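Listing of query_23.txt; format and content: compact mmCIF, C-alpha atoms.
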# COMPACT_ATOMS: atom_id res chain seq x y z
CA MET U 212 0.09 -26.18 -14.58
CA ALA U 213 -3.09 -24.37 -13.62
CA VAL U 214 -2.38 -21.90 -10.83
CA LYS U 215 -4.29 -19.08 -9.18
CA VAL U 216 -2.89 -15.56 -8.90
CA MET U 217 -4.43 -13.52 -6.07
CA ILE U 218 -4.91 -9.87 -7.04
CA PRO U 219 -4.63 -7.27 -4.22
CA THR U 220 -7.56 -4.87 -3.94
CA PRO U 221 -5.75 -1.80 -5.39
CA LEU U 222 -4.88 -3.70 -8.56
CA ARG U 223 -8.26 -5.30 -9.19
CA PRO U 224 -9.47 -2.41 -11.38
CA TYR U 225 -6.65 -3.38 -13.77
CA ALA U 226 -7.52 -7.10 -13.72
CA GLY U 227 -11.17 -7.08 -14.71
CA ARG U 228 -12.14 -6.37 -11.07
CA GLN U 229 -11.31 -9.98 -10.20
CA ALA U 230 -9.89 -11.05 -6.83
CA SER U 231 -8.01 -13.91 -8.49
CA VAL U 232 -7.05 -14.95 -11.99
CA SER U 233 -6.30 -18.52 -13.13
CA VAL U 234 -3.37 -18.94 -15.51
CA GLU U 235 -1.43 -21.80 -17.09
CA ALA U 236 2.32 -21.64 -16.39
CA GLN U 237 5.36 -23.74 -15.50
CA THR U 238 7.17 -21.09 -13.42
CA VAL U 239 6.31 -18.02 -11.34
CA GLY U 240 7.76 -15.79 -14.08
CA GLU U 241 5.58 -17.42 -16.70
CA ALA U 242 2.53 -17.01 -14.48
CA LEU U 243 3.17 -13.26 -14.09
CA ASP U 244 3.79 -12.98 -17.84
CA ALA U 245 0.49 -14.74 -18.50
CA LEU U 246 -1.28 -12.43 -16.04
CA THR U 247 0.14 -9.22 -17.48
CA GLY U 248 -0.35 -10.55 -21.02
CA GLN U 249 -4.03 -10.83 -20.24
CA PHE U 250 -4.19 -7.54 -18.30
CA ALA U 251 -1.57 -5.22 -19.75
CA ASP U 252 -2.47 -2.28 -17.47
CA LEU U 253 -1.15 -4.26 -14.50
CA ARG U 254 2.40 -4.07 -15.84
CA ARG U 255 3.17 -0.49 -14.85
CA HIS U 256 2.12 -1.12 -11.28
CA LEU U 257 4.18 -4.32 -10.96
CA TYR U 258 7.27 -3.53 -13.02
CA ALA U 259 9.64 -0.55 -13.10
CA ASP U 260 11.26 0.74 -16.29
CA GLY U 261 13.57 -1.97 -17.54
CA GLY U 262 11.13 -4.74 -16.69
CA ARG U 263 12.28 -5.46 -13.14
CA LEU U 264 9.67 -6.09 -10.49
CA ARG U 265 9.21 -2.87 -8.49
CA SER U 266 11.19 -3.00 -5.27
CA PHE U 267 8.08 -2.77 -3.09
CA VAL U 268 6.20 -5.52 -4.94
CA ASN U 269 6.57 -8.96 -3.38
CA VAL U 270 5.46 -12.25 -4.91
CA TYR U 271 4.57 -15.21 -2.72
CA LEU U 272 4.15 -18.80 -3.85
CA ASN U 273 1.68 -20.23 -1.37
CA GLN U 274 3.22 -18.90 1.91
CA GLU U 275 6.81 -18.33 0.73
CA ASP U 276 8.41 -15.22 -0.77
CA VAL U 277 9.76 -16.31 -4.17
CA ARG U 278 12.93 -14.29 -3.49
CA ASN U 279 13.71 -17.09 -1.00
CA LEU U 280 13.00 -19.74 -3.63
CA GLN U 281 14.14 -19.54 -7.24
CA LYS U 282 12.62 -16.10 -7.93
CA ASP U 283 10.85 -16.01 -11.29
CA GLN U 284 12.30 -19.42 -12.17
CA THR U 285 10.48 -21.03 -9.24
CA PRO U 286 8.64 -24.07 -10.62
CA LEU U 287 4.90 -24.40 -10.10
CA ARG U 288 2.68 -27.32 -9.23
CA ASP U 289 -0.93 -27.74 -10.19
CA GLY U 290 -3.14 -25.89 -7.73
CA ASP U 291 -0.46 -23.52 -6.43
CA THR U 292 -1.48 -20.03 -5.35
CA ILE U 293 0.59 -16.96 -6.16
CA SER U 294 -0.02 -13.78 -4.15
CA ILE U 295 1.10 -10.26 -5.01
CA VAL U 296 1.75 -8.33 -1.79
CA PRO U 297 3.14 -4.80 -1.48
CA SER U 298 5.57 -3.54 1.09
CA ILE U 299 4.35 -0.09 2.11
CA ALA U 300 7.14 2.43 1.95
CA GLY U 301 7.60 6.16 1.65
CA GLY U 302 8.80 9.19 3.47
CA ARG U 303 9.59 12.86 3.14
CA SER U 304 12.14 14.18 0.69
CA CYS U 305 15.70 14.14 1.99
CA MET K 281 -13.63 11.98 -0.40
CA LEU K 282 -12.02 10.29 2.57
CA LYS K 283 -14.25 10.41 5.61
CA LEU K 284 -12.16 10.37 8.76
CA SER K 285 -13.72 11.17 12.11
CA GLU K 286 -12.00 13.76 14.28
CA GLU K 287 -11.36 11.02 16.85
CA LEU K 288 -9.42 8.89 14.34
CA ALA K 289 -7.63 11.94 12.94
CA GLU K 290 -6.55 12.81 16.48
CA ARG K 291 -5.18 9.29 16.94
CA ILE K 292 -3.09 9.70 13.79
CA ARG K 293 -1.79 13.06 15.05
CA ALA K 294 -0.96 11.54 18.45
CA HIS K 295 0.91 8.66 16.81
CA ALA K 296 2.84 11.15 14.68
CA ALA K 297 3.75 13.31 17.68
CA GLN K 298 4.75 10.30 19.76
CA SER K 299 7.03 9.01 16.97
CA TYR K 300 8.73 12.37 16.31
CA PRO K 301 11.46 12.88 15.10
CA TYR K 302 10.87 9.57 13.37
CA GLU K 303 8.14 8.83 10.86
CA CYS K 304 5.12 6.91 12.08
CA CYS K 305 2.97 4.65 9.92
CA GLY K 306 -0.28 2.76 10.11
CA ALA K 307 -3.12 1.22 8.17
CA MET K 308 -6.66 2.49 7.65
CA LEU K 309 -9.53 0.00 7.52
CA GLY K 310 -12.94 0.98 6.27
CA THR K 311 -15.61 0.80 3.63
CA GLU K 312 -16.30 2.42 0.31
CA ALA K 313 -19.72 3.21 -1.11
CA ALA K 314 -20.96 5.69 -3.72
CA GLY K 315 -17.51 7.16 -4.13
CA ALA K 316 -17.09 7.99 -0.45
CA ARG K 317 -14.49 6.16 1.54
CA LEU K 318 -15.14 5.86 5.27
CA VAL K 319 -12.32 5.00 7.67
CA LYS K 320 -13.61 2.95 10.59
CA GLU K 321 -10.47 1.69 12.25
CA LEU K 322 -6.75 2.35 12.41
CA VAL K 323 -3.95 -0.15 12.90
CA MET K 324 -0.84 1.50 14.27
CA LEU K 325 2.31 -0.14 12.98
CA ASP K 326 5.99 0.04 13.84
CA ASN K 327 8.19 1.76 11.31
CA GLN K 328 10.47 -1.08 10.20
CA ARG K 329 12.96 1.24 8.52
CA GLU K 330 15.86 1.16 11.01
CA ASP K 331 18.51 2.89 8.88
CA SER K 332 16.68 6.19 8.22
CA PRO K 333 13.44 6.37 10.22
CA ARG K 334 13.53 10.19 10.24
CA ASN K 335 12.67 10.40 6.55
CA ARG K 336 11.51 6.92 5.57
CA PHE K 337 8.97 4.37 6.70
CA LEU K 338 8.47 0.73 5.82
CA VAL K 339 5.75 -1.83 6.45
CA HIS K 340 6.88 -5.38 5.69
CA PRO K 341 4.66 -7.52 3.42
CA ALA K 342 3.98 -9.94 6.28
CA ASP K 343 2.43 -7.04 8.22
CA VAL K 344 0.44 -6.01 5.13
CA LEU K 345 -0.98 -9.55 4.92
CA ARG K 346 -1.77 -9.52 8.64
CA VAL K 347 -3.63 -6.22 8.35
CA GLU K 348 -5.51 -7.40 5.24
CA ARG K 349 -6.68 -10.50 7.10
CA ALA K 350 -7.73 -8.39 10.09
CA ALA K 351 -9.76 -6.16 7.77
CA GLN K 352 -11.45 -9.11 6.07
CA ALA K 353 -12.30 -10.66 9.44
CA GLN K 354 -14.25 -7.50 10.29
CA GLY K 355 -15.90 -7.17 6.89
CA LEU K 356 -13.77 -4.13 6.11
CA ASP K 357 -11.30 -3.22 3.35
CA LEU K 358 -7.74 -2.05 3.79
CA VAL K 359 -8.44 1.34 2.22
CA GLY K 360 -5.13 3.09 2.77
CA TRP K 361 -2.14 4.02 4.84
CA TYR K 362 -0.99 6.96 6.92
CA HIS K 363 2.46 8.22 7.75
CA SER K 364 4.07 11.37 9.09
CA HIS K 365 6.50 13.85 7.58
CA PRO K 366 8.63 15.21 10.45
CA ASP K 367 9.52 18.85 9.79
CA ALA K 368 8.22 18.66 6.23
CA PRO K 369 4.93 19.48 4.50
CA PRO K 370 2.23 16.80 4.14
CA ARG K 371 2.91 16.45 0.44
CA PRO K 372 3.98 13.14 -1.10
CA SER K 373 7.63 12.97 -2.04
CA GLU K 374 9.04 11.45 -5.20
CA PHE K 375 9.98 8.47 -3.02
CA ASP K 376 6.33 8.21 -1.94
CA ARG K 377 5.21 8.21 -5.58
CA GLU K 378 7.67 5.52 -6.61
CA HIS K 379 6.40 3.25 -3.84
CA ALA K 380 2.66 3.78 -4.21
CA TRP K 381 -0.23 2.05 -5.90
CA PRO K 382 -3.43 3.69 -7.10
CA TRP K 383 -6.67 3.16 -5.19
CA TYR K 384 -5.13 3.33 -1.72
CA SER K 385 -5.61 6.58 0.22
CA TYR K 386 -2.27 7.87 1.51
CA VAL K 387 -2.74 10.19 4.48
CA ILE K 388 0.27 12.28 5.46
CA VAL K 389 0.47 14.42 8.60
CA ALA K 390 3.13 17.09 8.97
CA VAL K 391 4.89 17.35 12.33
CA GLU K 392 6.78 20.54 13.16
CA ALA K 393 9.18 20.37 16.11
CA GLY K 394 7.10 17.55 17.58
CA VAL K 395 3.72 19.25 17.08
CA PRO K 396 1.32 17.71 14.53
CA ARG K 397 0.11 20.20 11.96
CA ARG K 398 -1.73 19.84 8.65
CA MET K 399 -3.03 16.50 7.44
CA ALA K 400 -3.72 15.68 3.80
CA SER K 401 -4.78 12.63 1.82
CA TRP K 402 -3.53 11.65 -1.61
CA ARG K 403 -4.43 9.19 -4.36
CA LEU K 404 -1.96 8.10 -7.06
CA LEU K 405 -3.21 8.54 -10.63
CA ASP K 406 -3.64 5.47 -12.85
CA ASP K 407 -0.68 6.47 -14.99
CA ARG K 408 1.53 6.84 -11.87
CA SER K 409 2.51 10.38 -12.95
CA ARG K 410 1.46 12.15 -9.75
CA PHE K 411 -0.85 12.16 -6.75
CA ASP K 412 -4.18 13.95 -6.62
CA ASP K 413 -5.28 15.65 -3.42
CA GLU K 414 -8.17 13.74 -1.80
CA GLU K 415 -10.52 15.81 0.32
CA ILE K 416 -10.75 14.73 3.95
CA GLY K 417 -14.20 15.06 5.49
CA SER K 418 -15.03 14.54 9.14
CA ASP K 419 -18.82 14.52 8.98
CA LEU K 420 -19.59 12.71 12.20
CA MET K 421 -23.16 12.01 11.10
CA THR K 422 -21.82 9.49 8.60
CA VAL K 423 -19.27 7.90 10.87
CA GLY K 424 -20.05 5.00 13.13
Structure re-expressed in structure tokens:
Amino acid sequence: MAVKVMIPTPLRPYAGRQASVSVEAQTVGEALDALTGQFADLRRHLYADGGRLRSFVNVYLNQEDVRNLQKDQTPLRDGDTISIVPSIAGGRSC
Amino acid sequence: MLKLSEELAERIRAHAAQSYPYECCGAMLGTEAAGARLVKELVMLDNQREDSPRNRFLVHPADVLRVERAAQAQGLDLVGWYHSHPDAPPRPSEFDREHAWPWYSYVIVAVEAGVPRRMASWRLLDDRSRFDDEEIGSDLMTVG
């Protein structure tokens, strides 16, 4: 399936300065693998040590958070759009 | 350099004082040209962290998307975020570093006993190892 991955502004320097990248994939996980395979520098900003998606990084398939679908196993259809959206979190030391 | 007019800086300080002893948070919309980042508008947001709002803040992704769309509609970029550190210095914590991306400007204002104090801006390095201090300028001739 050909799908489009929307790249948020802060991560565009690590994705050839593109606002979106087209990849071929059957699932959301495969699409992110294809993206980070093409642009390896994206990995450290999306994944924590151990390969899990960072807790503040959210992935949407069209308008739906994939955590509410089948997470990285969520199947894709031709023309789908995947968006990477951060939660903004922080705070002083305890 | 982050160019932030005194008027906008004062609005951040007021939001921080009003939210004390909780952390406040908001978005900064603006433009970037020739290495200078100019903040043109603020979007004050509610801290969604209900369990520990004294030392944490949270902006849900739906609010991030809403703010991004608002920026695009005005021909602006979402250039960064601000939050307060009640009774703590305006330095990013380890928690801040773990939850940051490069490129964004992260403005932090210290609030001591309800009174806003020093404000600083920070940018995360590409390798995520630490933040660099980003100079804040308030040259009003370039703002507007």
* Shell around stretch 318-323 of chain K at 7 Å using all atoms listed in the file, local window under 6 positions removed, as a PyMOL selection string -> chain K and resi 282-284+306-312
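Each of K:Ala316, K:Ala350, K:Leu345, K:Cys304 was compared to K:Ser418 using only C-alpha atoms, and K:Ala316 turns out to be the nearest.
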* To do: Please return, as an NGL selection string, all residues of chain K lying within 6 Å of chain U when all atoms listed in the file are considered.
  => :K and (335-341 or 365 or 373 or 375-376 or 379 or 383)
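Near K:Tyr384, within 7 Å and counting only C-alpha atoms, sit Pro221 of chain U; Val359, Gly360, Trp381 and Arg403 of chain K; same-chain residues fewer than 3 positions away were not included.
Among K:Gly315, K:Gly355, K:Pro396, K:Pro370, the residue with the shortest atom-to-atom distance to K:Tyr300, counting only C-alpha atoms, is K:Pro396.
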